[in-house]
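Data block below; observations after.
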Amino acid sequence: MADRRHRRRRWAGALGGLVVASLLAALIAPRALAQSDEGTTIHIVAQGETLRTIALHYGVTPEAIIAANNILNPDRIYVGQRLVIPVGGEAAGTEAAQPAVHIVQPGENLFRIGLRYNLTVTQLMAANGLTNPNQVYAGQRLVIPQGGTDNSTAVVESSPPPSSNATASTTHIVQRGETLFRIALRYNVSLNALVAANGLASADAIYAGQRLIIPGTGGASAPAPVSAPPSPSGGAEGKQIVVDLSEQRVYAYENGVLVRQFVVSTGLPGTPTIQGAFTIQRKTPSRHMSGPGYDLPGVPWVMYFYRGYALHGTYWHNNFGQPMSHGCVNMRTPDAEWLYQWAPIGTSVRVIN
């Protein structure tokens, strides 16, 4: 009897060891990616995966996977499920290729990160399941979807200074922070001429490293446009800022001479920008702004000229040239930074229509 009980214990122990070994093997085995005889890619869903992450891994869209597998509810996939990956989706090896990840730095926002990787805010939000473009924080890990190219360390070819007697077309390499408007000023050509010469969809569709054709009539750097309003001081000494609501532009004058001009977005019809003569009253490099229908942390380079009305940088839209604000003057962030550093407290601000 004792021998029989001993044999049972040994058999049970061996069986238990076999079960444990099998479980361990299953746990440490690489995630299964199989190819059928027909060459179809099959993906075995692993713990924590979603259709979005699987699609990123194979370079296809979630919609393509949904269609290929007749999935009725894209939120209900389960561990161990076999998914057909449509043609074009190929993973390297049996281990999942990790998507690029960006660690949010202090002061960064989705708009700036998108500029760095040549992506839109919408693309970044979709890749990371975000519902609010303002809900990012320092240290957050953001997935950079396929197609995002990091421009932060790219070596950008320097472009030669424009020739004062150039009549033939010239090539300009877009630098970080440049706008088409600034480039047009530099070469003394119109914005429309640059857009047409390069087949651009809009004046905002440029990126660092892009090669732009500068059509003939290249000339001296940054001349004063003939359409600029006269200096509010009539040529007196000092600095003045003119906000032209009808043109959606800001002009910076020094000693009566136009120094810079920027395309901006002023107040909407329901929340217009106040008109009149004012001065810069206070400045702050960053401010959290909120009100009915908006909540904007980290608004950069803020200069108040009358109560809550301010000139400031803008990261939440790129529709400059059209009224967009609740009364403030929205500027591209690099333009707002230049104006912030240039204009001291007390600088004259004149808002005209």
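Convention: chains lettered A, B, ... in structure tokens order; per-chain residue numbering from 1; ligands numbered from 1 as shown.
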TODO: Extract, using only C-alpha atoms, all DNA, RNA and protein residues at most 12 Å from Gly308 (chain A), discarding same-chain residues fewer than 4 positions from it, and format them as a ChimeraX atom specification.
DONE: /A:273-274,280-283,287,289-291,302-304,312,326-329
Open item on the list: Quick one: residues within 12 Å of region 137-140 of chain A, only C-alpha atoms, excluding same-chain residues fewer than 4 positions away - as a list in words?
Closed with: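 The residues that qualify are Val101, His102, Ile103, Val104, Gln105, Pro106, Gly107, Glu108, Asn109, Leu110, Asn128, Pro133, Pro297 and Gly298 of chain A.
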TODO: For region 122-126 of chain A, list every protein, DNA or RNA residue within 12 Å, evaluated using only C-alpha atoms, and leave out those in the same chain fewer than 3 positions away; present the list as an MDAnalysis selection string.
DONE: chainID A and resid 52:53 56 61:62 100:102 109:119 129:136 141:148 316:317
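Distances here use only C-alpha atoms; by that measure, the residue among A:Tyr78, A:Val243, A:Tyr207, A:Asn198 closest to Phe305 (chain A) is A:Val243.
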Task: Closest of A:Gln275, A:Thr171, A:Ser190, A:Ser246 to Arg350 (chain A) - atom-to-atom distances counting only C-alpha atoms - done: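 For Arg350 (chain A), the nearest of the candidates is A:Gln275.
One distance worth recording is that between CA of Ile71 (chain A) and CA of Leu83 (chain A), which is 9.7 Å.
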Write out as a PDB file with C-alpha atoms, in the first residue's frame each polymer residue whose atoms come within 12 Å of Asn73 (chain A), counting only C-alpha atoms; drop sequence neighbours fewer than 5 positions from it.
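Written out: selection-v4.pdb:
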ATOM      1  CA  LEU A  51      -6.193  47.400 -33.211  1.00  0.00           C
ATOM      2  CA  PRO A  62      -7.089  49.812 -38.203  1.00  0.00           C
ATOM      3  CA  GLU A  63      -9.922  50.054 -40.733  1.00  0.00           C
ATOM      4  CA  ILE A  65      -7.690  45.091 -40.333  1.00  0.00           C
ATOM      5  CA  ILE A  66     -11.362  45.501 -39.380  1.00  0.00           C
ATOM      6  CA  ALA A  67     -12.432  44.925 -42.994  1.00  0.00           C
ATOM      7  CA  TYR A  78      -9.092  39.301 -27.239  1.00  0.00           C
TER       8      TYR A  78
END
Name the residues in contact with Pro86 (chain A) at a cut-off of 8 Å, using only C-alpha atoms, excluding same-chain residues fewer than 4 positions from it; report them as a PDB file with C-alpha atoms, in the first residue's frame.
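What ended up in out_35.pdb:
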ATOM      1  CA  THR A  40      -1.249  35.539 -45.641  1.00  0.00           C
ATOM      2  CA  THR A  41       0.133  37.247 -42.546  1.00  0.00           C
ATOM      3  CA  VAL A  60      -1.653  49.441 -42.155  1.00  0.00           C
ATOM      4  CA  ALA A  64      -8.061  47.708 -43.101  1.00  0.00           C
ATOM      5  CA  ILE A  65      -7.690  45.091 -40.333  1.00  0.00           C
ATOM      6  CA  ALA A  68     -10.086  41.954 -43.506  1.00  0.00           C
TER       7      ALA A  68
END
Task: Top pick for closest residue to Ala208 (chain A), considering A:Thr179, A:Ala184, A:Thr314, A:Ala196 and counting only C-alpha atoms - done: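 So, comparing all the options, the nearest one is A:Thr179.
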TODO: Tell me which protein, DNA and RNA residues are within 8 Å of Ala193 (chain A), counting only C-alpha atoms, leaving out same-chain ones fewer than 4 positions away, and put them as a list of chain:residue names.
DONE: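 Counting only the stated atoms, we get A:Val189, A:Ala197, A:Pro215.
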Open item on the list: One number please: CA of Trp301 (chain A) to CA of Thr333 (chain A), in Å, one decimal.
Closed with: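 Atom-to-atom, CA of Trp301 (chain A) and CA of Thr333 (chain A) are spaced 7.6 Å apart.
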